[in-house]
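Raw query.cif, mmCIF, C-alpha atoms:
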```cif
data_protein
#
loop_
_atom_site.label_atom_id
_atom_site.label_comp_id
_atom_site.auth_asym_id
_atom_site.auth_seq_id
_atom_site.Cartn_x
_atom_site.Cartn_y
_atom_site.Cartn_z
CA MET E 67 -24.74 1.45 10.10
CA ILE E 68 -23.84 4.81 11.65
CA VAL E 69 -26.50 6.55 9.51
CA PRO E 70 -29.89 5.99 11.24
CA ASP E 71 -31.81 5.28 8.01
CA VAL E 72 -29.36 2.45 7.38
CA GLY E 73 -28.72 1.31 10.95
CA ARG E 74 -32.42 1.35 11.93
CA GLY E 75 -31.51 1.32 15.61
CA SER E 76 -28.29 -0.69 15.47
CA GLU E 77 -26.32 2.56 15.29
CA LYS E 78 -26.97 2.95 19.03
CA GLN E 79 -24.16 0.42 19.57
CA ILE E 80 -21.65 3.04 18.49
CA GLU E 81 -23.03 6.09 20.28
CA LYS E 82 -19.54 7.31 21.24
CA THR E 83 -18.48 7.37 17.60
CA ILE E 84 -21.62 9.24 16.58
CA LYS E 85 -21.09 11.90 19.25
CA ALA E 86 -17.45 12.25 18.22
CA TYR E 87 -18.42 12.66 14.56
CA GLU E 88 -20.94 15.35 15.53
CA LYS E 89 -18.36 17.22 17.59
CA VAL E 90 -15.83 17.20 14.75
CA ALA E 91 -18.55 18.31 12.32
CA GLU E 92 -19.23 21.28 14.58
CA GLN E 93 -15.52 22.15 14.54
CA ILE E 94 -15.50 21.99 10.74
CA ALA E 95 -18.49 24.31 10.62
CA ALA E 96 -16.67 26.78 12.88
CA LEU E 97 -13.66 26.75 10.53
CA LYS E 98 -15.88 27.57 7.52
CA PRO E 99 -13.69 25.87 4.88
CA GLU E 100 -14.11 26.76 1.23
CA THR E 101 -13.31 23.19 0.23
CA ILE E 102 -13.33 19.78 1.92
CA ILE E 103 -11.03 17.11 0.56
CA ILE E 104 -11.97 13.50 1.31
CA SER E 105 -9.75 10.52 0.63
CA SER E 106 -11.78 7.32 0.64
CA PRO E 107 -10.82 3.65 0.39
CA HIS E 108 -14.09 3.08 -1.45
CA SER E 109 -13.53 5.62 -4.22
CA VAL E 110 -11.99 4.59 -7.55
CA MET E 111 -8.73 2.77 -6.78
CA TYR E 112 -5.88 1.58 -8.97
CA SER E 113 -2.67 -0.23 -8.07
CA ASP E 114 -0.48 2.35 -9.81
CA TYR E 115 -2.50 5.58 -9.91
CA PHE E 116 -4.22 8.01 -7.53
CA HIS E 117 -7.64 8.84 -8.93
CA ILE E 118 -9.12 12.32 -8.42
CA SER E 119 -12.80 12.57 -9.26
CA PRO E 120 -13.32 14.83 -12.29
CA GLY E 121 -16.15 17.06 -13.47
CA SER E 122 -18.36 19.66 -11.85
CA GLY E 123 -19.77 17.36 -9.20
CA ALA E 124 -21.43 14.06 -8.35
CA ALA E 125 -24.45 12.63 -6.61
CA GLY E 126 -24.94 9.55 -4.48
CA SER E 127 -27.24 7.81 -2.03
CA PHE E 128 -27.34 4.95 0.43
CA ALA E 129 -29.60 2.92 -1.88
CA GLU E 130 -27.05 0.10 -1.80
CA PHE E 131 -27.68 -0.10 1.95
CA GLY E 132 -31.46 0.04 1.76
CA ALA E 133 -31.82 3.81 2.24
CA PRO E 134 -32.29 5.44 -1.19
CA GLN E 135 -33.95 8.41 0.48
CA VAL E 136 -30.60 9.54 1.95
CA LYS E 137 -29.17 11.45 -1.01
CA PHE E 138 -26.23 13.71 -1.72
CA ASN E 139 -25.51 16.12 -4.55
CA MET E 140 -22.07 17.70 -4.25
CA GLU E 141 -20.27 20.39 -6.24
CA TYR E 142 -16.58 19.77 -6.90
CA ASP E 143 -13.80 22.33 -6.57
CA GLU E 144 -12.80 22.13 -10.24
CA GLU E 145 -10.05 24.73 -9.92
CA LEU E 146 -8.25 22.81 -7.17
CA VAL E 147 -8.69 19.50 -9.00
CA LYS E 148 -7.30 20.99 -12.21
CA LEU E 149 -4.25 22.40 -10.43
CA LEU E 150 -3.57 19.18 -8.49
CA ALA E 151 -3.91 16.98 -11.59
CA GLY E 152 -1.82 19.40 -13.64
CA ASN E 153 0.94 19.51 -11.04
CA ALA E 154 0.99 15.72 -10.91
CA LYS E 155 1.28 15.45 -14.68
CA TYR E 156 4.07 18.01 -14.80
CA ALA E 157 5.98 16.18 -12.06
CA GLY E 158 5.44 12.76 -13.65
CA PHE E 159 3.52 11.70 -10.53
CA PRO E 160 0.85 9.01 -11.07
CA ALA E 161 -2.27 10.97 -10.12
CA GLY E 162 -5.07 12.56 -12.10
CA THR E 163 -8.67 12.42 -13.23
CA LEU E 164 -8.52 9.43 -15.59
CA GLY E 165 -10.49 6.25 -15.17
CA GLU E 166 -13.86 7.06 -13.61
CA LYS E 167 -16.69 5.34 -15.46
CA LYS E 168 -19.60 6.61 -13.38
CA PRO E 169 -19.49 9.87 -11.35
CA GLU E 170 -21.13 8.57 -8.20
CA LEU E 171 -20.22 9.25 -4.58
CA ASP E 172 -19.03 6.24 -2.55
CA HIS E 173 -20.08 5.47 1.01
CA GLY E 174 -16.59 6.23 2.37
CA THR E 175 -17.22 9.79 1.19
CA MET E 176 -20.90 10.02 2.04
CA VAL E 177 -20.66 8.91 5.69
CA PRO E 178 -18.50 11.90 6.78
CA LEU E 179 -20.55 14.16 4.51
CA TRP E 180 -23.73 13.01 6.27
CA PHE E 181 -22.42 14.44 9.56
CA ILE E 182 -20.77 17.53 8.10
CA LEU E 183 -23.77 18.63 6.02
CA LYS E 184 -25.98 18.72 9.10
CA LYS E 185 -23.73 21.46 10.48
CA TYR E 186 -22.27 23.18 7.42
CA LYS E 187 -23.03 23.32 3.69
CA ASN E 188 -21.10 26.20 2.16
CA PHE E 189 -18.21 24.27 0.66
CA LYS E 190 -17.07 22.46 -2.47
CA LEU E 191 -15.70 18.93 -2.51
CA VAL E 192 -12.56 17.22 -3.78
CA ARG E 193 -12.71 13.43 -3.71
CA THR E 194 -9.71 11.16 -4.18
CA GLY E 195 -8.96 7.48 -3.94
CA LEU E 196 -6.02 5.51 -2.62
CA SER E 197 -3.62 3.29 -4.57
CA GLY E 198 -1.53 0.15 -4.34
CA PHE E 199 1.68 2.16 -3.99
CA ASP E 200 3.78 2.04 -0.83
CA LEU E 201 3.06 4.29 2.14
CA LEU E 202 5.77 6.80 1.27
CA LYS E 203 4.14 7.38 -2.11
CA HIS E 204 0.84 8.13 -0.36
CA TYR E 205 2.58 10.66 1.88
CA GLU E 206 4.18 12.24 -1.19
CA TYR E 207 0.71 12.54 -2.71
CA GLY E 208 -0.45 14.32 0.44
CA ILE E 209 2.39 16.83 0.01
CA MET E 210 1.21 17.49 -3.56
CA ILE E 211 -2.29 18.15 -2.22
CA LYS E 212 -0.87 20.58 0.35
CA ASP E 213 1.13 22.42 -2.31
CA ALA E 214 -1.92 22.83 -4.55
CA VAL E 215 -4.06 24.07 -1.66
CA GLU E 216 -1.43 26.61 -0.63
CA ALA E 217 -0.89 27.79 -4.21
CA LEU E 218 -4.59 28.70 -4.42
CA ASN E 219 -4.65 30.01 -0.84
CA ARG E 220 -7.67 27.80 -0.20
CA LYS E 221 -9.17 27.36 3.24
CA VAL E 222 -9.44 23.58 3.34
CA VAL E 223 -10.40 20.77 5.69
CA TYR E 224 -9.00 17.32 4.90
CA VAL E 225 -11.02 14.25 5.90
CA ALA E 226 -9.12 10.94 5.90
CA SER E 227 -11.94 8.42 5.69
CA GLY E 228 -11.54 4.74 6.49
CA ASP E 229 -12.19 2.09 9.12
CA LEU E 230 -9.56 0.57 11.36
CA SER E 231 -9.33 -3.23 11.68
CA HIS E 232 -12.27 -5.34 10.51
CA LYS E 233 -11.16 -8.33 12.62
CA LEU E 234 -11.57 -7.28 16.22
CA GLN E 235 -14.21 -9.69 17.53
CA THR E 236 -15.10 -13.34 16.87
CA TYR E 237 -18.75 -12.33 16.51
CA GLY E 238 -18.03 -9.58 13.99
CA PRO E 239 -18.84 -9.94 10.27
CA TYR E 240 -15.19 -10.63 9.39
CA GLY E 241 -14.17 -12.77 12.36
CA PHE E 242 -11.12 -12.28 14.54
CA ALA E 243 -7.40 -12.02 13.86
CA GLU E 244 -4.82 -11.37 16.57
CA GLU E 245 -3.39 -8.55 14.45
CA GLY E 246 -6.71 -6.68 14.59
CA PRO E 247 -6.65 -5.34 18.17
CA VAL E 248 -2.90 -4.73 17.89
CA TYR E 249 -3.43 -2.56 14.79
CA ASP E 250 -6.19 -0.54 16.46
CA GLU E 251 -4.17 0.09 19.60
CA ARG E 252 -1.11 1.13 17.60
CA ILE E 253 -2.89 3.40 15.13
CA MET E 254 -4.88 5.20 17.82
CA ASN E 255 -1.73 5.68 19.89
CA VAL E 256 0.17 7.10 16.91
CA CYS E 257 -2.64 9.39 15.78
CA SER E 258 -3.60 10.64 19.23
CA GLY E 259 -0.02 11.82 19.59
CA GLY E 260 0.21 13.24 16.06
CA ARG E 261 3.32 11.11 15.45
CA PHE E 262 2.82 10.81 11.71
CA GLY E 263 6.32 9.50 11.02
CA GLU E 264 5.34 6.26 12.76
CA LEU E 265 2.61 5.61 10.18
CA PHE E 266 5.41 4.28 7.93
CA ASP E 267 6.30 1.61 10.50
CA PHE E 268 3.16 -0.44 9.87
CA ASP E 269 4.19 -3.49 7.83
CA GLU E 270 2.04 -4.14 4.76
CA ASN E 271 1.44 -7.79 5.67
CA PHE E 272 0.51 -6.85 9.22
CA CYS E 273 -2.02 -4.32 7.90
CA GLU E 274 -3.46 -6.91 5.53
CA LYS E 275 -3.90 -9.46 8.31
CA ALA E 276 -5.56 -6.80 10.47
CA ALA E 277 -7.92 -6.09 7.53
CA GLU E 278 -7.81 -2.33 7.90
CA CYS E 279 -9.02 -0.10 5.08
CA GLY E 280 -8.01 3.40 6.19
CA HIS E 281 -4.25 3.39 6.74
CA ARG E 282 -3.30 4.75 3.32
CA SER E 283 -5.96 7.43 3.70
CA PHE E 284 -4.42 8.50 7.02
CA VAL E 285 -0.97 8.64 5.42
CA ILE E 286 -2.16 10.96 2.62
CA MET E 287 -3.63 13.24 5.28
CA ALA E 288 -0.31 13.22 7.14
CA GLY E 289 1.42 14.28 3.93
CA ALA E 290 -1.04 17.15 3.55
CA LEU E 291 0.20 18.36 6.95
CA ASP E 292 3.90 17.87 6.13
CA GLY E 293 6.12 20.33 7.99
CA LYS E 294 3.26 21.54 10.21
CA ALA E 295 3.03 21.36 13.97
CA VAL E 296 -0.40 19.94 14.89
CA GLU E 297 -2.67 19.87 17.87
CA ALA E 298 -3.88 16.26 17.94
CA THR E 299 -7.08 15.23 19.72
CA GLN E 300 -8.58 11.76 20.04
CA TYR E 301 -12.37 11.77 20.40
CA SER E 302 -13.32 8.14 20.30
CA HIS E 303 -12.38 4.57 19.51
CA GLU E 304 -14.86 1.70 19.48
CA ASP E 305 -14.69 -1.95 18.49
CA VAL E 306 -18.03 -3.27 19.70
CA THR E 307 -19.18 -4.40 16.24
CA GLY E 308 -15.94 -6.20 15.39
CA VAL E 309 -14.83 -3.26 13.22
CA GLY E 310 -12.67 -0.46 14.57
CA TYR E 311 -13.98 3.10 14.40
CA GLY E 312 -11.60 5.87 15.45
CA ILE E 313 -11.93 9.63 15.26
CA CYS E 314 -9.13 12.16 15.74
CA SER E 315 -8.61 15.75 14.64
CA PHE E 316 -5.41 17.59 13.77
CA ILE E 317 -5.30 21.37 13.86
CA PRO E 318 -2.23 22.99 12.19
CA LYS E 319 -0.24 25.19 14.55
CA GLY E 320 2.43 26.70 12.35
CA GLU E 321 5.61 25.45 10.72
CA ASP E 322 7.79 22.76 12.28
CA GLU E 323 10.94 21.76 10.37
CA SER E 324 11.24 18.52 12.34
CA ARG E 325 7.95 17.25 10.88
CA HIS E 326 9.03 16.73 7.29
CA PHE E 327 8.45 13.03 7.74
CA LEU E 328 8.99 11.94 4.14
CA ALA E 329 12.38 13.62 3.88
CA ASN E 330 13.36 12.23 7.28
CA ARG E 331 12.29 8.72 6.30
CA LEU E 332 14.08 8.78 2.95
CA LYS E 333 17.31 9.80 4.66
CA LEU E 334 16.89 6.98 7.16
CA GLU E 335 16.19 4.48 4.35
CA GLU E 336 19.30 5.61 2.47
CA ASP E 337 21.50 5.24 5.55
CA GLU E 338 20.14 1.79 6.43
CA LEU E 339 20.43 0.50 2.87
CA GLU E 340 23.98 1.78 2.59
CA GLN E 341 24.90 -0.26 5.67
CA LYS E 342 23.25 -3.34 4.17
CA ARG E 343 25.12 -2.84 0.89
CA LEU E 344 28.43 -2.75 2.71
CA LYS E 345 27.60 -6.08 4.37
CA SER E 346 26.22 -7.79 1.22
CA ASP E 347 27.93 -10.93 -0.05
CA ALA E 348 29.21 -11.40 -3.61
CA TYR E 349 25.90 -12.82 -4.87
CA VAL E 350 23.94 -9.71 -3.90
CA LYS E 351 26.71 -7.33 -4.95
CA LEU E 352 26.69 -8.93 -8.39
CA ALA E 353 22.90 -8.66 -8.68
CA ARG E 354 22.98 -5.01 -7.62
CA ALA E 355 25.81 -4.18 -10.01
CA SER E 356 23.89 -5.81 -12.86
CA ALA E 357 20.61 -4.08 -12.02
CA GLU E 358 22.21 -0.65 -11.68
CA TYR E 359 24.25 -1.04 -14.86
CA PHE E 360 21.19 -1.97 -16.88
CA VAL E 361 19.01 0.84 -15.51
CA LYS E 362 21.72 3.40 -16.22
CA ASN E 363 22.95 2.06 -19.58
CA GLY E 364 20.05 0.09 -21.07
CA LYS E 365 22.12 -3.04 -21.72
CA GLU E 366 23.36 -6.06 -19.83
CA MET E 367 26.81 -5.71 -18.33
CA GLU E 368 29.73 -7.98 -19.09
CA GLN E 369 30.78 -10.50 -16.47
CA PRO E 370 33.12 -8.57 -14.11
CA ASP E 371 36.51 -9.92 -13.15
CA TRP E 372 36.04 -9.63 -9.37
CA ILE E 373 33.55 -12.51 -9.16
CA PRO E 374 34.65 -15.31 -6.77
CA SER E 375 35.24 -18.76 -8.22
CA GLU E 376 32.23 -20.27 -6.42
CA LEU E 377 29.96 -18.30 -8.78
CA LEU E 378 31.93 -19.31 -11.87
CA ASN E 379 32.25 -23.03 -11.25
CA ILE E 380 28.64 -24.02 -10.59
CA LYS E 381 25.35 -23.85 -12.48
CA ALA E 382 21.99 -23.36 -10.75
CA GLY E 383 18.65 -21.65 -11.01
CA ALA E 384 18.43 -18.36 -9.15
CA PHE E 385 15.85 -15.71 -8.29
CA VAL E 386 16.60 -12.03 -7.87
CA SER E 387 14.08 -10.24 -5.65
CA ILE E 388 13.89 -6.46 -5.36
CA HIS E 389 12.05 -4.55 -2.65
CA LYS E 390 11.49 -0.83 -2.21
CA PHE E 391 10.39 0.53 1.16
CA GLY E 392 9.43 -3.00 2.19
CA ALA E 393 7.17 -3.65 -0.82
CA LEU E 394 8.04 -5.97 -3.68
CA ARG E 395 9.37 -4.05 -6.69
CA GLY E 396 10.36 -6.96 -8.95
CA CYS E 397 11.19 -10.65 -8.80
CA ILE E 398 12.39 -12.81 -11.68
CA GLY E 399 14.24 -16.11 -11.64
CA THR E 400 14.91 -19.46 -13.20
CA ILE E 401 13.91 -22.85 -11.80
CA ALA E 402 17.02 -24.50 -13.23
CA ALA E 403 20.25 -23.26 -14.78
CA THR E 404 19.96 -21.59 -18.18
CA LYS E 405 23.41 -19.98 -18.36
CA LYS E 406 26.95 -21.35 -18.36
CA ASN E 407 27.49 -20.41 -14.71
CA LEU E 408 25.68 -19.01 -11.69
CA ALA E 409 27.26 -15.59 -12.12
CA GLN E 410 25.68 -15.12 -15.54
CA GLU E 411 22.38 -16.51 -14.17
CA ILE E 412 22.35 -13.77 -11.53
CA ILE E 413 23.44 -11.04 -13.95
CA HIS E 414 20.66 -11.88 -16.40
CA ASN E 415 17.91 -12.37 -13.81
CA ALA E 416 18.76 -9.07 -12.13
CA VAL E 417 18.23 -7.33 -15.47
CA CYS E 418 14.88 -9.08 -15.87
CA ALA E 419 13.82 -8.21 -12.31
CA VAL E 420 14.24 -4.46 -12.92
CA SER E 421 12.81 -4.44 -16.43
CA GLU E 422 10.58 -7.41 -17.26
CA ASP E 423 8.39 -8.19 -14.25
CA ALA E 424 4.94 -7.64 -15.75
CA ARG E 425 3.50 -6.63 -12.39
CA PHE E 426 5.58 -3.44 -12.23
CA GLU E 427 6.90 -0.63 -14.34
CA ALA E 428 10.60 -0.79 -15.14
CA VAL E 429 12.82 0.53 -12.35
CA LYS E 430 13.98 4.12 -12.84
CA GLU E 431 17.41 5.46 -12.01
CA ASP E 432 16.22 7.67 -9.15
CA GLU E 433 14.86 4.55 -7.40
CA LEU E 434 18.17 2.68 -7.27
CA LYS E 435 19.34 4.07 -3.94
CA TYR E 436 16.15 2.84 -2.26
CA LEU E 437 16.24 -0.75 -3.56
CA GLU E 438 16.93 -3.76 -1.38
CA ILE E 439 18.08 -6.83 -3.33
CA ASN E 440 18.11 -10.53 -2.39
CA VAL E 441 19.35 -13.54 -4.33
CA ASP E 442 17.92 -17.03 -3.86
CA VAL E 443 19.95 -19.91 -5.27
CA LEU E 444 17.72 -22.93 -5.86
CA GLY E 445 18.58 -26.49 -4.98
CA GLU E 446 17.42 -29.39 -7.13
CA ALA E 447 13.65 -29.92 -7.14
CA GLU E 448 12.30 -33.24 -5.90
CA LYS E 449 8.81 -34.61 -6.43
CA VAL E 450 6.65 -35.17 -3.35
CA GLU E 451 3.55 -37.30 -3.00
CA SER E 452 1.54 -35.09 -0.64
CA GLU E 453 1.30 -31.66 0.93
CA ALA E 454 2.45 -33.22 4.21
CA GLU E 455 5.99 -33.26 2.79
CA LEU E 456 5.99 -29.50 2.30
CA ASP E 457 7.07 -26.83 4.77
CA VAL E 458 6.26 -23.23 3.88
CA LYS E 459 9.29 -21.91 5.78
CA LYS E 460 11.85 -24.48 4.61
CA TYR E 461 10.82 -25.46 1.07
CA GLY E 462 9.77 -23.63 -2.03
CA VAL E 463 7.10 -25.34 -4.13
CA ILE E 464 6.58 -26.04 -7.81
CA VAL E 465 3.12 -27.02 -9.01
CA GLN E 466 2.73 -28.58 -12.44
CA SER E 467 -0.27 -29.53 -14.54
CA GLY E 468 0.68 -30.58 -18.06
CA TYR E 469 2.64 -27.74 -19.61
CA LYS E 470 1.52 -25.27 -16.93
CA ARG E 471 3.86 -24.68 -14.04
CA GLY E 472 4.02 -22.25 -11.14
CA LEU E 473 6.67 -21.66 -8.48
CA LEU E 474 6.78 -19.94 -5.12
CA LEU E 475 9.87 -19.40 -2.98
CA PRO E 476 9.92 -20.41 0.69
CA ASP E 477 9.71 -18.19 3.76
CA LEU E 478 7.87 -15.25 2.18
CA ASP E 479 6.15 -12.53 4.22
CA GLY E 480 2.41 -13.09 4.31
CA VAL E 481 2.59 -16.73 3.19
CA ASP E 482 2.02 -18.71 6.38
CA THR E 483 0.52 -22.04 5.27
CA VAL E 484 1.17 -24.72 2.68
CA ASP E 485 -2.34 -24.17 1.30
CA GLN E 486 -1.53 -20.50 0.69
CA GLN E 487 1.78 -21.42 -0.90
CA ILE E 488 0.21 -23.91 -3.31
CA SER E 489 -2.69 -21.59 -4.12
CA ILE E 490 -0.38 -18.70 -5.03
CA ALA E 491 1.90 -20.99 -7.06
CA LYS E 492 -1.14 -22.27 -8.99
CA ARG E 493 -2.28 -18.72 -9.68
CA LYS E 494 1.17 -17.78 -10.96
CA GLY E 495 1.14 -20.80 -13.27
CA GLY E 496 -2.36 -20.15 -14.63
CA ILE E 497 -3.65 -23.35 -13.00
CA ALA E 498 -7.28 -23.43 -11.83
CA PRO E 499 -7.81 -23.75 -8.03
CA GLY E 500 -9.39 -27.22 -8.21
CA GLU E 501 -7.06 -28.58 -10.86
CA LYS E 502 -4.89 -31.54 -9.83
CA VAL E 503 -1.17 -30.90 -9.87
CA ASP E 504 2.13 -32.65 -9.36
CA LEU E 505 4.05 -31.18 -6.44
CA PHE E 506 7.78 -30.57 -6.23
CA ARG E 507 9.77 -29.06 -3.40
CA PHE E 508 13.16 -27.42 -3.33
CA GLU E 509 15.41 -25.69 -0.85
CA VAL E 510 17.08 -22.34 -1.39
CA VAL E 511 20.13 -20.57 -0.07
CA ARG E 512 19.12 -16.94 0.45
CA HIS E 513 21.75 -14.23 0.08
CA TYR E 514 21.32 -10.73 1.50
#
```
Final C-alpha cells representation of the file:
Amino acid sequence: MIVPDVGRGSEKQIEKTIKAYEKVAEQIAALKPETIIISSPHSVMYSDYFHISPGSGAAGSFAEFGAPQVKFNMEYDEELVKLLAGNAKYAGFPAGTLGEKKPELDHGTMVPLWFILKKYKNFKLVRTGLSGFDLLKHYEYGIMIKDAVEALNRKVVYVASGDLSHKLQTYGPYGFAEEGPVYDERIMNVCSGGRFGELFDFDENFCEKAAECGHRSFVIMAGALDGKAVEATQYSHEDVTGVGYGICSFIPKGEDESRHFLANRLKLEEDELEQKRLKSDAYVKLARASAEYFVKNGKEMEQPDWIPSELLNIKAGAFVSIHKFGALRGCIGTIAATKKNLAQEIIHNAVCAVSEDARFEAVKEDELKYLEINVDVLGEAEKVESEAELDVKKYGVIVQSGYKRGLLLPDLDGVDTVDQQISIAKRKGGIAPGEKVDLFRFEVVRHY
C-alpha cells in the first residue's frame, strides 16, 4: 500500500511512515554504501535454515499487487554471499544458498528498495530470509553477517524489513488482539532506545498472538551490530490501518564491550538454569541425567542407585519435555506405562526426547547446559462424552478415531481453548479436522 502504484491513494493514510522512509533513504544515500543487506520475512524461509539468495542477481515487480509496471532488477554482492555462506558451512551453522527455486525478489525486499533507489543506486544487494530458530540463533546469524562484512572491509547498510503487529484495530484486515498494541509499544520503546538485549525478552507465543512478522529480522540486525555503541533514532510509528509500521535507524558509534548481547544472555541463561537444576526434584534430575548420558555416550544409562522408592514402586506413563531458550526442543512420552517402573519410563523417554523427536535434530552436547527439562507423570485416562468436560488448563486430552490416536498435555503455552487443544491433538494423531473422535481426559503431575 505504501507504494503509490499499489496504494492508488490509500497510501496517504500513512503519510508519516512515507516521510520517515524518505528521510532514512536520504541518510543511506549520504552514507554511500557499497552493499545493502536486507533481511525479509517474505524471502525464502525454512524452520531450520537461514536462506541467502544465490546467483548474480534477481528481478521482481509488484505484479502480485496489481502494479506490474513497478519493476526491480538488482545485482547481488556475490563475494559477500560466498564468504558468508562459506563461513557458515565451516562453522556448522545452518545458513547458506540452498533451496531457492525461483530467483525473484519478494515484497519485503522491494518496499525498502523502492524508497532507497529513488535516492541512491550505486550498490549491490544481499538478501536473506529468517528461520524458525529461536531468537538467540537469529542474533548469532547477525554476528556472522557482521564478521563477513568486516573481513571484506565492506561499507554496508543493513535493512531489517518487517511489519510490527497485524492485529492493532478491529477494522484492520486481521482483526484485533490485545497483544497487538502491547507488542508495538514494547518494540518501539526497545528500538528507540537501542536496547537490543531486550529483544530476547519477547515470548514466542506473545509474538505469535500479536501477529508480528519482523521481530526475527530486527534481531538479526541487532546481531550485525553486536559490540557496537549505536545512535538510535525513531522516525515514526503508525497503526491507522490495523498493521503497525515503525521506522528507526541505528548508526554505529564505535566499540562498546557492554553490548555483546548474545554472550551476556547466554551467561544469564546458564546462571538461571543452574539455579533451577539445584532445585529440581528427583523426577527431573533423573530425566536430565538420562538425557545427558545418552548425548555424551550414545547409549541408555543403567538405572542409578540414588533413585527414591516412589519412582521404583509405581508404573505410569510419562512425558519428558525439553526446552531451549524458551522454545520446545523435544518432547516424547508414553500414554500408559511401558516399563517395569516409572524410573525406567523416565530414563527411556528422556533418551527419546533428545534423539527421536522427528520435529527436531538430535540434541548436541554443546546444547546441554542450555536445556530446561520437565517431566509430566500421567494419571489414568477417562472417557468423556463432550468437550464441556474438558479444561485446557487442568486436563490433557486424548483423541481417538479407530487406530489413530493423538494426545496433548494440559496447560501448554499458546493453547488457550479446548478447541485448540483438540485440533492440535487431532493433527498429531493424523486425524482429519472434521473426523469424529472419542475423547479422553487425564490429569498430570508436572515436575520441574
field: Hits of the PyMOL selection byres ((chain E and resi 87) around 9) in this structure, as a ChimeraX atom specification
entry: /E:82-86,88-92,178,181-182,301-302,313
Print the selection's residues with C-alpha atoms to a file, as a compact mmCIF listing (two decimals), keeping the file's coordinate frame.
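Contents of the output file out.txt:
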```txt
# COMPACT_ATOMS: atom_id res chain seq x y z
CA LYS E 82 -19.54 7.31 21.24
CA THR E 83 -18.48 7.37 17.60
CA ILE E 84 -21.62 9.24 16.58
CA LYS E 85 -21.09 11.90 19.25
CA ALA E 86 -17.45 12.25 18.22
CA GLU E 88 -20.94 15.35 15.53
CA LYS E 89 -18.36 17.22 17.59
CA VAL E 90 -15.83 17.20 14.75
CA ALA E 91 -18.55 18.31 12.32
CA GLU E 92 -19.23 21.28 14.58
CA PRO E 178 -18.50 11.90 6.78
CA PHE E 181 -22.42 14.44 9.56
CA ILE E 182 -20.77 17.53 8.10
CA TYR E 301 -12.37 11.77 20.40
CA SER E 302 -13.32 8.14 20.30
CA ILE E 313 -11.93 9.63 15.26
```
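Take the candidates E:Gly174, E:Ile118, E:Glu245, E:Ala129 and check each one against Ile211 of chain E using only C-alpha atoms; the shortest distance goes to E:Ile118.
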- line: What separates atom CA of Gln93 of chain E and atom CA of Leu328 of chain E is a distance of 28.5 Å
message: Quick check, in Å to one decimal: how far apart do atom CA of Glu455 of chain E and atom CA of Ser489 of chain E lie?
response: 16.1 Å
field: Counting only C-alpha atoms, the residue of E:Lys449, E:Arg354, E:Lys212, E:Lys345 that sits nearest Met287 of chain E
entry: E:Lys212
message: With all atoms listed in the file as the counted atoms, please give the residues lying no more than 8 Å from segment 370-377 of chain E, apart from itself and same-chain residues fewer than 4 positions off, as a ChimeraX atom specification.
response: /E:348-349,352,407-409
task: Quick one: apply the PyMOL selection byres ((chain E and resi 275) around 9) to the file and drop the selected residues here as a VMD selection string.
output: chain E and resid 231 233 243 to 246 270 to 274 276 to 278 480
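Restricting the calculation to all atoms listed in the file, the smallest distance between Ala454 of chain E and any of E:Val429, E:Ile80, E:Leu505, E:Ala416 is found for E:Leu505.
Evaluated against this file, the PyMOL selection byres ((chain E and resi 126) around 9) yields Ala124, Ala125, Ser127, Phe128, Ala129, Val136, Lys137, Phe138, Asn139, Met140, Pro169, Glu170, Leu171, Asp172, His173 and Met176 of chain E.
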- prompt: Quick one: distance from atom CA of Asn219 of chain E to atom CA of Tyr112 of chain E in Å, one decimal?
  reply: 29.6 Å
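Each of E:Ser452, E:Ser122, E:Ser283, E:Thr194 was checked against Leu150 of chain E using all atoms listed in the file; the smallest atom-to-atom distance is that of E:Thr194.
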Within 10 Å of Leu394 of chain E using only C-alpha atoms, minus same-chain residues under 4 positions, as a ChimeraX atom specification: /E:200,387-390,425-426,437-438
query: Which residues, protein or nucleic acid, reach to within 12 Å of (10.3, -26.0, -5.9) in the file's coordinates when using only C-alpha atoms, and can you give that as a PyMOL selection string?
result: chain E and resi 383-385+400-402+442-450+456-458+460-466+471-476+487-488+491+504-510
Give me a file of those residues, with C-alpha atoms, as a CSV table (one decimal), in the coordinates of the input.
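What landed in part_33.csv:
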```
chain,number,residue,atom,x,y,z
E,383,GLY,CA,18.6,-21.6,-11.0
E,384,ALA,CA,18.4,-18.4,-9.2
E,385,PHE,CA,15.8,-15.7,-8.3
E,400,THR,CA,14.9,-19.5,-13.2
E,401,ILE,CA,13.9,-22.8,-11.8
E,402,ALA,CA,17.0,-24.5,-13.2
E,442,ASP,CA,17.9,-17.0,-3.9
E,443,VAL,CA,20.0,-19.9,-5.3
E,444,LEU,CA,17.7,-22.9,-5.9
E,445,GLY,CA,18.6,-26.5,-5.0
E,446,GLU,CA,17.4,-29.4,-7.1
E,447,ALA,CA,13.6,-29.9,-7.1
E,448,GLU,CA,12.3,-33.2,-5.9
E,449,LYS,CA,8.8,-34.6,-6.4
E,450,VAL,CA,6.6,-35.2,-3.4
E,456,LEU,CA,6.0,-29.5,2.3
E,457,ASP,CA,7.1,-26.8,4.8
E,458,VAL,CA,6.3,-23.2,3.9
E,460,LYS,CA,11.8,-24.5,4.6
E,461,TYR,CA,10.8,-25.5,1.1
E,462,GLY,CA,9.8,-23.6,-2.0
E,463,VAL,CA,7.1,-25.3,-4.1
E,464,ILE,CA,6.6,-26.0,-7.8
E,465,VAL,CA,3.1,-27.0,-9.0
E,466,GLN,CA,2.7,-28.6,-12.4
E,471,ARG,CA,3.9,-24.7,-14.0
E,472,GLY,CA,4.0,-22.2,-11.1
E,473,LEU,CA,6.7,-21.7,-8.5
E,474,LEU,CA,6.8,-19.9,-5.1
E,475,LEU,CA,9.9,-19.4,-3.0
E,476,PRO,CA,9.9,-20.4,0.7
E,487,GLN,CA,1.8,-21.4,-0.9
E,488,ILE,CA,0.2,-23.9,-3.3
E,491,ALA,CA,1.9,-21.0,-7.1
E,504,ASP,CA,2.1,-32.6,-9.4
E,505,LEU,CA,4.0,-31.2,-6.4
E,506,PHE,CA,7.8,-30.6,-6.2
E,507,ARG,CA,9.8,-29.1,-3.4
E,508,PHE,CA,13.2,-27.4,-3.3
E,509,GLU,CA,15.4,-25.7,-0.8
E,510,VAL,CA,17.1,-22.3,-1.4
```
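Proximity of E:Asp479, E:Glu338, E:Glu145, E:Glu358 to Glu433 of chain E, computed with only C-alpha atoms, is greatest for E:Glu358.
Remark: for Thr299 of chain E, the closest of the candidate residues E:Leu265, E:Ala226, E:Ala393, E:Val256 is E:Val256 (distances computed over only C-alpha atoms).
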